[in-house]
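Colleague: Have a peek at query-v7.tsv (TSV, C-alpha atoms and all ligand atoms).
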```tsv
chain	number	residue	atom	x	y	z
A	1	MET	CA	0.00	0.00	0.00
A	2	ALA	CA	1.40	3.40	-0.98
A	3	ARG	CA	2.10	5.83	1.82
A	4	LYS	CA	-0.34	8.66	2.41
A	5	LYS	CA	0.78	12.18	1.53
A	6	ILE	CA	0.54	15.01	4.02
A	7	ALA	CA	1.04	18.57	2.80
A	8	LEU	CA	1.86	21.25	5.35
A	9	VAL	CA	1.17	24.74	4.01
A	10	GLY	CA	3.26	27.04	6.18
A	11	ALA	CA	6.62	25.81	7.47
A	12	GLY	CA	6.92	28.04	10.52
A	13	GLN	CA	6.77	27.07	14.18
A	14	ILE	CA	3.64	24.94	13.92
A	15	GLY	CA	4.48	23.62	10.42
A	16	GLY	CA	7.87	22.29	11.55
A	17	THR	CA	6.37	20.62	14.62
A	18	LEU	CA	3.59	19.09	12.50
A	19	ALA	CA	6.23	17.60	10.19
A	20	LEU	CA	8.13	16.08	13.13
A	21	LEU	CA	4.98	14.56	14.67
A	22	ALA	CA	3.65	13.26	11.33
A	23	GLY	CA	7.06	11.64	10.71
A	24	GLN	CA	7.38	10.13	14.18
A	25	LYS	CA	3.86	8.70	13.93
A	26	GLU	CA	4.56	7.43	10.38
A	27	LEU	CA	1.32	8.99	9.11
A	28	GLY	CA	2.77	9.29	5.63
A	29	ASP	CA	5.25	11.23	3.49
A	30	VAL	CA	5.41	14.92	4.29
A	31	VAL	CA	5.71	17.94	1.99
A	32	LEU	CA	6.46	21.27	3.69
A	33	PHE	CA	5.44	24.31	1.65
A	34	ASP	CA	6.24	27.96	2.40
A	35	ILE	CA	6.85	31.19	0.51
A	36	MET	CA	10.18	31.65	2.33
A	37	ASP	CA	12.96	30.37	0.09
A	38	GLY	CA	15.03	27.69	1.82
A	39	VAL	CA	13.00	27.44	5.04
A	40	PRO	CA	10.77	24.48	4.10
A	41	GLN	CA	13.71	22.82	2.33
A	42	GLY	CA	15.99	23.32	5.35
A	43	LYS	CA	13.42	22.10	7.87
A	44	ALA	CA	12.56	19.06	5.73
A	45	LEU	CA	16.24	18.10	5.43
A	46	ASP	CA	16.84	18.58	9.16
A	47	LEU	CA	13.80	16.38	9.91
A	48	ALA	CA	14.83	13.75	7.33
A	49	GLU	CA	18.13	13.56	9.20
A	50	THR	CA	16.17	13.02	12.43
A	51	ALA	CA	14.51	9.90	10.98
A	52	PRO	CA	17.49	7.52	11.35
A	53	VAL	CA	17.89	8.52	15.02
A	54	GLU	CA	14.20	8.36	15.88
A	55	GLY	CA	13.68	5.33	13.64
A	56	PHE	CA	10.79	6.45	11.48
A	57	ASN	CA	10.13	5.92	7.80
A	58	ALA	CA	8.73	8.93	6.02
A	59	LYS	CA	9.95	10.96	3.08
A	60	LEU	CA	10.22	14.65	3.98
A	61	SER	CA	10.60	17.36	1.36
A	62	GLY	CA	10.42	21.14	1.26
A	63	THR	CA	9.12	23.34	-1.53
A	64	ASN	CA	8.08	26.84	-2.62
A	65	SER	CA	5.84	25.50	-5.38
A	66	TYR	CA	2.16	24.57	-5.04
A	67	GLU	CA	2.69	21.81	-7.63
A	68	ALA	CA	4.30	19.71	-4.92
A	69	LEU	CA	0.90	19.45	-3.20
A	70	GLU	CA	-0.34	17.27	-6.07
A	71	GLY	CA	-2.49	14.41	-4.79
A	72	ALA	CA	-2.07	15.17	-1.06
A	73	ASP	CA	-4.45	13.20	1.18
A	74	VAL	CA	-4.31	15.71	4.02
A	75	VAL	CA	-3.41	19.40	3.95
A	76	ILE	CA	-2.74	21.28	7.19
A	77	VAL	CA	-2.67	25.05	6.78
A	78	THR	CA	-0.68	27.31	9.10
A	79	ALA	CA	0.37	29.86	6.46
A	80	GLY	CA	0.05	33.46	7.57
A	81	VAL	CA	1.15	35.45	10.56
A	82	PRO	CA	0.75	34.67	14.28
A	83	ARG	CA	-0.04	37.30	16.92
A	84	LYS	CA	2.43	39.13	19.11
A	85	PRO	CA	1.83	40.52	22.62
A	86	GLY	CA	-0.92	43.17	22.58
A	87	MET	CA	-2.58	41.73	19.45
A	88	SER	CA	-5.86	39.84	19.36
A	89	ARG	CA	-6.37	36.98	16.93
A	90	ASP	CA	-8.81	39.22	15.07
A	91	ASP	CA	-6.02	41.74	14.28
A	92	LEU	CA	-4.61	39.13	11.87
A	93	LEU	CA	-7.72	38.99	9.69
A	94	GLY	CA	-6.73	41.30	6.81
A	95	ILE	CA	-3.28	39.75	6.19
A	96	ASN	CA	-4.28	36.14	6.68
A	97	LEU	CA	-7.40	36.42	4.49
A	98	LYS	CA	-5.17	37.18	1.48
A	99	VAL	CA	-3.04	34.17	2.37
A	100	MET	CA	-6.18	31.95	2.48
A	101	GLU	CA	-7.07	33.08	-1.04
A	102	GLN	CA	-3.70	31.88	-2.39
A	103	VAL	CA	-3.76	28.66	-0.38
A	104	GLY	CA	-7.38	27.90	-1.36
A	105	ALA	CA	-6.48	28.25	-5.06
A	106	GLY	CA	-3.45	25.96	-4.63
A	107	ILE	CA	-5.52	23.27	-2.91
A	108	ALA	CA	-8.31	23.51	-5.50
A	109	LYS	CA	-5.80	23.04	-8.32
A	110	TYR	CA	-3.55	20.32	-6.93
A	111	CYS	CA	-5.40	18.32	-4.26
A	112	PRO	CA	-9.16	18.89	-4.38
A	113	LYS	CA	-9.83	15.50	-2.78
A	114	ALA	CA	-7.78	16.25	0.35
A	115	PHE	CA	-9.01	16.54	3.93
A	116	VAL	CA	-8.03	20.09	4.89
A	117	ILE	CA	-7.32	21.26	8.44
A	118	CYS	CA	-6.91	25.00	8.92
A	119	ILE	CA	-5.01	26.40	11.91
A	120	THR	CA	-4.41	29.97	10.74
A	121	ASN	CA	-6.05	32.65	12.92
A	122	PRO	CA	-8.58	34.14	13.39
A	123	LEU	CA	-9.45	30.47	13.07
A	124	ASP	CA	-13.21	30.23	12.54
A	125	ALA	CA	-13.30	33.03	9.95
A	126	MET	CA	-10.15	31.76	8.17
A	127	VAL	CA	-11.46	28.20	7.79
A	128	TRP	CA	-14.75	29.61	6.49
A	129	ALA	CA	-12.85	31.69	3.90
A	130	LEU	CA	-10.51	28.81	3.00
A	131	GLN	CA	-13.48	26.53	2.27
A	132	LYS	CA	-15.07	29.20	0.05
A	133	PHE	CA	-11.80	30.03	-1.77
A	134	SER	CA	-10.96	26.35	-2.34
A	135	GLY	CA	-14.50	25.25	-3.23
A	136	LEU	CA	-13.91	21.88	-1.50
A	137	PRO	CA	-16.94	20.18	0.10
A	138	THR	CA	-17.66	21.60	3.55
A	139	HIS	CA	-17.28	18.20	5.27
A	140	MET	CA	-13.68	17.99	3.98
A	141	VAL	CA	-12.56	21.35	5.40
A	142	VAL	CA	-12.28	21.83	9.17
A	143	GLY	CA	-10.56	24.10	11.64
A	144	MET	CA	-8.38	23.09	14.56
A	145	ALA	CA	-9.04	24.96	17.80
A	146	GLY	CA	-11.29	22.93	20.10
A	147	VAL	CA	-8.83	20.05	20.50
A	148	LEU	CA	-6.23	22.58	21.68
A	149	ASP	CA	-8.63	24.58	23.87
A	150	SER	CA	-9.95	21.41	25.50
A	151	ALA	CA	-6.38	20.07	25.93
A	152	ARG	CA	-5.56	23.24	27.88
A	153	PHE	CA	-8.73	22.74	29.94
A	154	ARG	CA	-7.78	19.07	30.52
A	155	TYR	CA	-4.25	19.96	31.60
A	156	PHE	CA	-5.41	22.60	34.09
A	157	LEU	CA	-8.01	20.17	35.51
A	158	SER	CA	-5.50	17.31	35.83
A	159	ASP	CA	-3.17	19.70	37.67
A	160	GLU	CA	-5.97	20.79	40.03
A	161	PHE	CA	-7.02	17.22	40.82
A	162	GLY	CA	-3.55	15.67	40.75
A	163	VAL	CA	-4.76	12.95	38.35
A	164	SER	CA	-3.52	11.66	35.00
A	165	VAL	CA	-4.30	13.84	31.99
A	166	GLU	CA	-5.50	10.63	30.32
A	167	ASP	CA	-8.49	10.37	32.65
A	168	VAL	CA	-9.63	13.96	32.22
A	169	HIS	CA	-12.03	14.62	29.36
A	170	ALA	CA	-13.17	18.12	28.63
A	171	MET	CA	-15.12	19.94	26.02
A	172	THR	CA	-15.08	23.48	24.69
A	173	LEU	CA	-17.61	24.90	22.26
A	174	GLY	CA	-17.79	28.02	20.14
A	175	GLY	CA	-15.26	30.17	18.34
A	176	HIS	CA	-11.53	30.19	19.08
A	177	GLY	CA	-11.55	33.44	21.00
A	178	ASP	CA	-11.66	34.53	24.60
A	179	ASP	CA	-15.44	34.03	24.53
A	180	MET	CA	-15.15	30.28	23.79
A	181	VAL	CA	-17.38	28.12	25.99
A	182	PRO	CA	-15.63	25.48	28.16
A	183	LEU	CA	-18.45	23.08	29.11
A	184	ILE	CA	-18.18	22.13	32.78
A	185	ARG	CA	-21.25	19.88	32.66
A	186	TYR	CA	-19.82	17.74	29.85
A	187	SER	CA	-16.29	17.54	31.28
A	188	THR	CA	-15.31	14.57	33.42
A	189	VAL	CA	-12.57	13.05	35.56
A	190	GLY	CA	-12.65	9.23	35.30
A	191	GLY	CA	-16.18	9.57	33.94
A	192	VAL	CA	-17.42	11.76	36.85
A	193	PRO	CA	-18.79	15.14	35.67
A	194	LEU	CA	-17.13	18.23	37.21
A	195	PRO	CA	-20.28	19.47	39.04
A	196	GLU	CA	-20.34	16.11	40.91
A	197	LEU	CA	-16.69	16.57	41.91
A	198	VAL	CA	-17.58	19.96	43.40
A	199	LYS	CA	-20.37	18.26	45.41
A	200	MET	CA	-17.87	15.59	46.52
A	201	GLY	CA	-15.53	18.29	47.81
A	202	TRP	CA	-12.70	17.57	45.33
A	203	THR	CA	-12.67	21.21	44.28
A	204	THR	CA	-14.74	24.38	44.58
A	205	GLN	CA	-16.86	26.27	42.07
A	206	GLU	CA	-14.46	29.24	42.45
A	207	LYS	CA	-11.47	27.12	41.47
A	208	LEU	CA	-13.37	25.72	38.47
A	209	ASP	CA	-14.36	29.24	37.41
A	210	ALA	CA	-10.68	30.28	37.57
A	211	ILE	CA	-9.71	27.26	35.41
A	212	VAL	CA	-12.41	28.13	32.85
A	213	ASP	CA	-11.08	31.69	32.72
A	214	ARG	CA	-7.48	30.49	32.31
A	215	THR	CA	-8.60	28.13	29.50
A	216	ARG	CA	-10.32	30.98	27.66
A	217	LYS	CA	-7.16	33.07	27.86
A	218	GLY	CA	-4.76	30.12	27.39
A	219	GLY	CA	-3.43	31.30	24.03
A	220	GLY	CA	-2.72	34.80	25.35
A	221	GLU	CA	-0.86	33.39	28.38
A	222	ILE	CA	1.63	31.72	26.04
A	223	VAL	CA	1.93	34.73	23.70
A	224	ALA	CA	2.78	36.91	26.73
A	225	LEU	CA	5.52	34.46	27.79
A	226	LEU	CA	7.04	33.83	24.34
A	227	LYS	CA	6.83	37.48	23.20
A	228	THR	CA	7.79	36.62	19.60
A	229	GLY	CA	4.90	34.39	18.52
A	230	SER	CA	2.22	32.03	19.76
A	231	ALA	CA	1.92	28.43	20.98
A	232	PHE	CA	3.05	25.74	18.58
A	233	TYR	CA	3.66	22.34	20.22
A	234	ALA	CA	0.11	21.77	21.49
A	235	PRO	CA	-1.54	23.28	18.37
A	236	ALA	CA	0.52	20.92	16.18
A	237	ALA	CA	-0.25	17.87	18.35
A	238	SER	CA	-3.97	18.76	18.20
A	239	ALA	CA	-4.07	18.99	14.40
A	240	ILE	CA	-2.16	15.70	14.11
A	241	ALA	CA	-4.83	13.99	16.26
A	242	MET	CA	-7.45	15.21	13.76
A	243	ALA	CA	-5.38	14.14	10.72
A	244	GLU	CA	-4.80	10.71	12.26
A	245	SER	CA	-8.52	10.21	12.89
A	246	TYR	CA	-9.18	10.92	9.21
A	247	LEU	CA	-6.30	8.86	7.79
A	248	LYS	CA	-7.00	5.83	10.00
A	249	ASP	CA	-10.80	6.21	9.93
A	250	LYS	CA	-10.72	6.27	13.73
A	251	LYS	CA	-14.06	8.09	13.97
A	252	ARG	CA	-12.91	10.06	17.00
A	253	VAL	CA	-15.36	12.57	18.42
A	254	LEU	CA	-13.37	15.78	18.78
A	255	PRO	CA	-14.25	19.44	19.20
A	256	VAL	CA	-13.47	20.99	15.80
A	257	ALA	CA	-14.49	24.07	13.86
A	258	ALA	CA	-17.04	22.47	11.53
A	259	TYR	CA	-19.38	23.94	8.95
A	260	LEU	CA	-22.88	24.23	10.40
A	261	LYS	CA	-26.01	23.89	8.29
A	262	GLY	CA	-28.64	24.36	10.97
A	263	GLU	CA	-26.97	22.35	13.76
A	264	PHE	CA	-27.01	24.30	17.04
A	265	GLY	CA	-29.36	26.70	15.21
A	266	VAL	CA	-26.44	28.12	13.18
A	267	ASN	CA	-26.11	28.41	9.39
A	268	ASP	CA	-23.24	29.00	6.92
A	269	THR	CA	-20.73	29.45	9.74
A	270	TYR	CA	-17.72	27.51	10.98
A	271	VAL	CA	-17.61	27.23	14.75
A	272	GLY	CA	-16.32	24.77	17.35
A	273	VAL	CA	-18.65	21.82	18.00
A	274	PRO	CA	-18.10	18.12	18.77
A	275	ALA	CA	-17.77	16.19	15.51
A	276	MET	CA	-16.89	12.67	14.40
A	277	ILE	CA	-13.90	12.56	12.06
A	278	GLY	CA	-13.42	9.49	9.88
A	279	ALA	CA	-12.52	8.51	6.34
A	280	GLY	CA	-15.46	10.60	5.11
A	281	GLY	CA	-14.14	13.78	6.76
A	282	VAL	CA	-16.66	15.27	9.17
A	283	GLU	CA	-19.08	12.35	9.32
A	284	LYS	CA	-21.37	13.55	12.09
A	285	ILE	CA	-21.93	16.63	14.23
A	286	VAL	CA	-23.03	16.00	17.80
A	287	ASP	CA	-25.88	18.48	18.14
A	288	LEU	CA	-25.89	18.79	21.96
A	289	GLU	CA	-28.67	20.03	24.19
A	290	LEU	CA	-27.35	23.16	25.93
A	291	SER	CA	-28.53	24.75	29.17
A	292	SER	CA	-29.69	28.37	28.97
A	293	ASP	CA	-26.33	29.67	30.31
A	294	GLU	CA	-24.33	27.51	27.91
A	295	LYS	CA	-26.59	28.59	25.05
A	296	ALA	CA	-26.11	32.27	25.89
A	297	GLY	CA	-22.30	31.81	25.95
A	298	PHE	CA	-22.36	29.87	22.68
A	299	GLU	CA	-24.55	32.47	20.96
A	300	LYS	CA	-22.22	35.28	22.06
A	301	SER	CA	-19.24	33.39	20.67
A	302	VAL	CA	-21.06	32.64	17.38
A	303	ALA	CA	-21.95	36.34	17.07
A	304	SER	CA	-18.22	37.28	17.26
A	305	VAL	CA	-17.38	34.69	14.57
A	306	LYS	CA	-20.20	36.02	12.36
A	307	GLY	CA	-18.82	39.54	12.79
A	308	LEU	CA	-15.43	38.35	11.50
A	309	ILE	CA	-17.05	36.54	8.56
A	310	GLU	CA	-18.86	39.77	7.63
A	311	ALA	CA	-15.48	41.58	7.79
A	312	CYS	CA	-14.04	38.95	5.39
A	313	LYS	CA	-16.92	39.61	2.95
A	314	THR	CA	-16.18	43.36	3.05
A	315	ILE	CA	-12.46	42.85	2.37
A	316	ALA	CA	-13.00	40.14	-0.27
A	317	PRO	CA	-16.35	40.78	-2.02
A	318	ALA	CA	-15.97	37.48	-3.94
A	319	LEU	CA	-16.84	35.75	-0.65
A	320	ALA	CA	-20.17	37.56	-0.20
B	1	LIG	P1	4.91	31.21	11.94
B	1	LIG	O1	5.99	30.51	12.68
B	1	LIG	O2	5.06	32.66	11.66
B	1	LIG	O3	4.66	30.41	10.58
B	1	LIG	C1	3.81	30.89	9.58
B	1	LIG	C2	4.48	30.56	8.26
B	1	LIG	O4	3.57	30.94	7.21
B	1	LIG	C3	5.79	31.34	8.01
B	1	LIG	O5	6.84	30.42	7.79
B	1	LIG	C4	5.49	32.18	6.78
B	1	LIG	O6	6.60	32.33	5.90
B	1	LIG	C5	4.38	31.37	6.13
B	1	LIG	N1	3.57	32.14	5.18
B	1	LIG	C6	3.19	33.44	5.25
B	1	LIG	N2	2.48	33.76	4.15
B	1	LIG	C7	2.39	32.64	3.40
B	1	LIG	C8	1.78	32.33	2.15
B	1	LIG	N3	1.12	33.27	1.46
B	1	LIG	N4	1.89	31.08	1.68
B	1	LIG	C9	2.58	30.14	2.36
B	1	LIG	N5	3.19	30.36	3.54
B	1	LIG	C10	3.08	31.60	4.05
B	1	LIG	O7	3.50	31.04	12.72
B	1	LIG	P2	3.00	29.76	13.56
B	1	LIG	O8	3.36	28.51	12.85
B	1	LIG	O9	3.36	29.94	14.99
B	1	LIG	O10	1.41	30.01	13.47
B	1	LIG	C11	0.74	29.89	12.24
B	1	LIG	C12	-0.71	30.34	12.36
B	1	LIG	O11	-1.40	29.52	13.29
B	1	LIG	C13	-0.90	31.79	12.85
B	1	LIG	O12	-1.93	32.41	12.12
B	1	LIG	C14	-1.33	31.60	14.31
B	1	LIG	O13	-2.09	32.68	14.79
B	1	LIG	C15	-2.15	30.34	14.19
B	1	LIG	N6	-2.36	29.60	15.44
B	1	LIG	C16	-3.60	29.06	15.61
B	1	LIG	C17	-3.88	28.34	16.75
B	1	LIG	C18	-5.24	27.75	16.93
B	1	LIG	O14	-5.49	27.09	17.91
B	1	LIG	C19	-6.25	27.97	15.93
B	1	LIG	C20	-2.90	28.17	17.73
B	1	LIG	C21	-1.65	28.73	17.53
B	1	LIG	C22	-1.39	29.46	16.35
```
How does the structure come out when it is put into structure tokens?
Ligand code: A3D

Modeller:
Amino acid sequence: MARKKIALVGAGQIGGTLALLAGQKELGDVVLFDIMDGVPQGKALDLAETAPVEGFNAKLSGTNSYEALEGADVVIVTAGVPRKPGMSRDDLLGINLKVMEQVGAGIAKYCPKAFVICITNPLDAMVWALQKFSGLPTHMVVGMAGVLDSARFRYFLSDEFGVSVEDVHAMTLGGHGDDMVPLIRYSTVGGVPLPELVKMGWTTQEKLDAIVDRTRKGGGEIVALLKTGSAFYAPAASAIAMAESYLKDKKRVLPVAAYLKGEFGVNDTYVGVPAMIGAGGVEKIVDLELSSDEKAGFEKSVASVKGLIEACKTIAPALA
């Protein structure tokens, strides 16, 4: 059986980490694409030289030409600019929208059958624009944010309870902004929902509220520490989990930015919801029942995403 082909559009901090993880997990051969001359080639060579030490079999190559994306099974897009301290994700919209136009055209021409995972911020608006620019079916284009946001939530909870991260499951809904909705009711430790753990005296509501707040601002916490860019290890690991579920038809249920056609009462918008990812792309959206508080939080988050989508339509009238 021929190896799968994974194209990484953007060979920066996240792109390089994606290539390493895809290689180590032997998900397939990896092509790193970037507009910077020498960077994708240099990173690919460095990673190819890692393979004998780490003992993985994957061909890694770097390119500045979209042609090299030909026939890719998965495309992960990080092309664009990340934020710096003092910037919100939304400040990146104008620059990154132009990048999505180029990337969408490249994907449409060379790998229209691929499963596409967008990471570029502001995430929910960029994945919406990338799907429109590429013209690929909506179930084959998703955004990565919820896996990362819920991983942050899981880590903070495991730290609070002093238990293995493996036994903490958590869910976040909504757009990838500070108004995302971490769902306490649907988050569990060893299968026990968080509100029960408060009743059992394992933690307090105040501590949980502080963890929810830290989760919402998790990206900014890292930007403030790094000063020159944003998080990249956990974002890369999160996108790889999504790619793996598609490539191996694992049918994992993960929080992803998926295209909604009426689910959760939302239309023609990408926003974070639980979805099953398998060989058919997004195979199912888990249309959860929300409490009135959760619904209010979700609607607020959706309204911010819709505002960004409207801004995209103003900048690029072809999207309207
Ligand atoms: P960075 O290390 O700057 O890499 C971006 C790469 O994109 C650079 O190598 C650029 O040369 C390249 N690039 C720029 N324009 C183009 C173009 N037109 N075509 C191809 N390549 C291009 O950034 P990063 O890897 O740290 O982050 C990449 C993106 O991910 C940014 O937009 C971040 O804001 C975003 N991000 C999203 C999350 C989510 O959870 C959604 C988390 C962290 C970062």

Colleague: Using all atoms listed in the file, find each residue with an atom at most 6 Å away from ligand LIG 1 (chain B) and format the answer as a list of chain:residue names.

Modeller: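 Checked against 6 Å with all atoms listed in the file; the hits are A:Val9, A:Gly10, A:Ala11, A:Gly12, A:Gln13, A:Ile14, A:Gly15, A:Asp34, A:Ile35, A:Met36, A:Thr78, A:Ala79, A:Gly80, A:Val81, A:Pro82, A:Arg83, A:Val99, A:Ile119, A:Thr120, A:Asn121, A:Leu123, A:Met144, A:Ala145, A:Leu148, A:Gly229, A:Ser230, A:Ala231, A:Phe232, A:Pro235.
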
Colleague: Nearest residue to A:Lys98 out of A:Pro195, A:Glu160, A:Leu319, A:Lys251, using only C-alpha atoms?

Modeller: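 Of A:Pro195, A:Glu160, A:Leu319, A:Lys251, the one nearest A:Lys98, counting only C-alpha atoms, is A:Leu319.
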
Colleague: So which residues touch A:Pro137 within 12 Å, counting all atoms listed in the file, skipping near sequence neighbours fewer than 2 positions away, as a compact mmCIF listing (two decimals) with C-alpha atoms, in the coordinates of the input?

Modeller:
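Wrote it out as around39.txt, contents follow:
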```txt
# COMPACT_ATOMS: atom_id res chain seq x y z
CA ALA A 108 -8.31 23.51 -5.50
CA PRO A 112 -9.16 18.89 -4.38
CA LYS A 113 -9.83 15.50 -2.78
CA ALA A 114 -7.78 16.25 0.35
CA PHE A 115 -9.01 16.54 3.93
CA VAL A 116 -8.03 20.09 4.89
CA TRP A 128 -14.75 29.61 6.49
CA LEU A 130 -10.51 28.81 3.00
CA GLN A 131 -13.48 26.53 2.27
CA LYS A 132 -15.07 29.20 0.05
CA PHE A 133 -11.80 30.03 -1.77
CA SER A 134 -10.96 26.35 -2.34
CA GLY A 135 -14.50 25.25 -3.23
CA HIS A 139 -17.28 18.20 5.27
CA MET A 140 -13.68 17.99 3.98
CA VAL A 141 -12.56 21.35 5.40
CA VAL A 142 -12.28 21.83 9.17
CA ALA A 258 -17.04 22.47 11.53
CA TYR A 259 -19.38 23.94 8.95
CA GLY A 280 -15.46 10.60 5.11
CA GLY A 281 -14.14 13.78 6.76
CA VAL A 282 -16.66 15.27 9.17
```

Colleague: To one decimal place in Å, what is the distance between atom CA of A:Gly28 and atom CA of A:Gly143?

Modeller: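 A separation of 20.8 Å between them.
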
Colleague: Provide the atom CA of A:Val273 to atom CA of A:Lys306 distance in Å, to one decimal place.

Modeller: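 If I compute the distance from atom CA of A:Val273 to atom CA of A:Lys306, I get 15.4 Å.
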
Colleague: Could you jot down the atom CA of A:Met100 to atom CA of A:His176 separation for me, Å, one decimal place?

Modeller: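 Result for atom CA of A:Met100 versus atom CA of A:His176: 17.5 Å, one decimal.
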
Colleague: Taking all atoms listed in the file into account, name the residue in A:Asp149, A:Glu101, A:Asp179, A:Asp90 that is nearest to A:Thr215.

Modeller: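 Among A:Asp149, A:Glu101, A:Asp179, A:Asp90, it is A:Asp149 that comes nearest to A:Thr215.
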
Colleague: List every protein, DNA or RNA residue with an atom no more than 10 Å from (0.2, 35.6, 23.4) in the file's coordinates, counting only C-alpha atoms, and format the result as a PyMOL selection string.

Modeller: chain A and resi 82-89+217-231

Colleague: Calculated over all atoms listed in the file, which of the candidates A:Leu69, A:Leu254, A:Met180, A:Ile6 has the smallest distance to A:Tyr110?

Modeller: A:Leu69

Colleague: From the set A:Val53, A:Met276, A:Val75, A:Ala44, which residue has the shortest atom-to-atom contact distance to A:Ala239, counting all atoms listed in the file?

Modeller: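 Among the listed residues, the smallest separation from A:Ala239 belongs to A:Val75.
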
Colleague: If you count all atoms listed in the file, which residues fall within 9 Å of A:Lys109, apart from same-chain ones fewer than 2 positions away, as an mmCIF file with C-alpha atoms, keeping the file's coordinate frame?

Modeller:
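Output contents, as saved in selection.cif:
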```
data_model
loop_
_atom_site.group_PDB
_atom_site.id
_atom_site.type_symbol
_atom_site.label_atom_id
_atom_site.label_comp_id
_atom_site.auth_asym_id
_atom_site.auth_seq_id
_atom_site.Cartn_x
_atom_site.Cartn_y
_atom_site.Cartn_z
ATOM 1 C CA TYR A 66 2.160 24.570 -5.040
ATOM 2 C CA GLU A 67 2.690 21.810 -7.630
ATOM 3 C CA GLU A 70 -0.340 17.270 -6.070
ATOM 4 C CA GLY A 104 -7.380 27.900 -1.360
ATOM 5 C CA ALA A 105 -6.480 28.250 -5.060
ATOM 6 C CA GLY A 106 -3.450 25.960 -4.630
ATOM 7 C CA ILE A 107 -5.520 23.270 -2.910
ATOM 8 C CA CYS A 111 -5.400 18.320 -4.260
ATOM 9 C CA PRO A 112 -9.160 18.890 -4.380
ATOM 10 C CA SER A 134 -10.960 26.350 -2.340
#
```

Colleague: Applying 9 Å and all atoms listed in the file, which residues near A:Ser245 remain after dropping the ones on its own chain fewer than 5 positions away? List them as a PyMOL selection string.

Modeller: chain A and resi 240+250-252+276-279

Colleague: Measuring between all atoms listed in the file, which one of A:Pro274, A:Gly297, A:Gly38, A:Pro182 shows the shortest distance to A:Val253?

Modeller: A:Pro274

Colleague: From the list A:Val77, A:Leu92, A:Leu18, A:Val212, which residue is nearest A:Asp178 when using only C-alpha atoms?

Modeller: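 Looking only at the distances to A:Asp178, the closest residue turns out to be A:Val212.
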
Colleague: Compile the contact shell of A:Met171 as a list of chain:residue names: residues with an atom at most 6 Å away, counting only C-alpha atoms, same-chain residues fewer than 5 positions apart removed.

Modeller: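 The residues that qualify are A:Ser150, A:Pro182, A:Leu183, A:Ser187.
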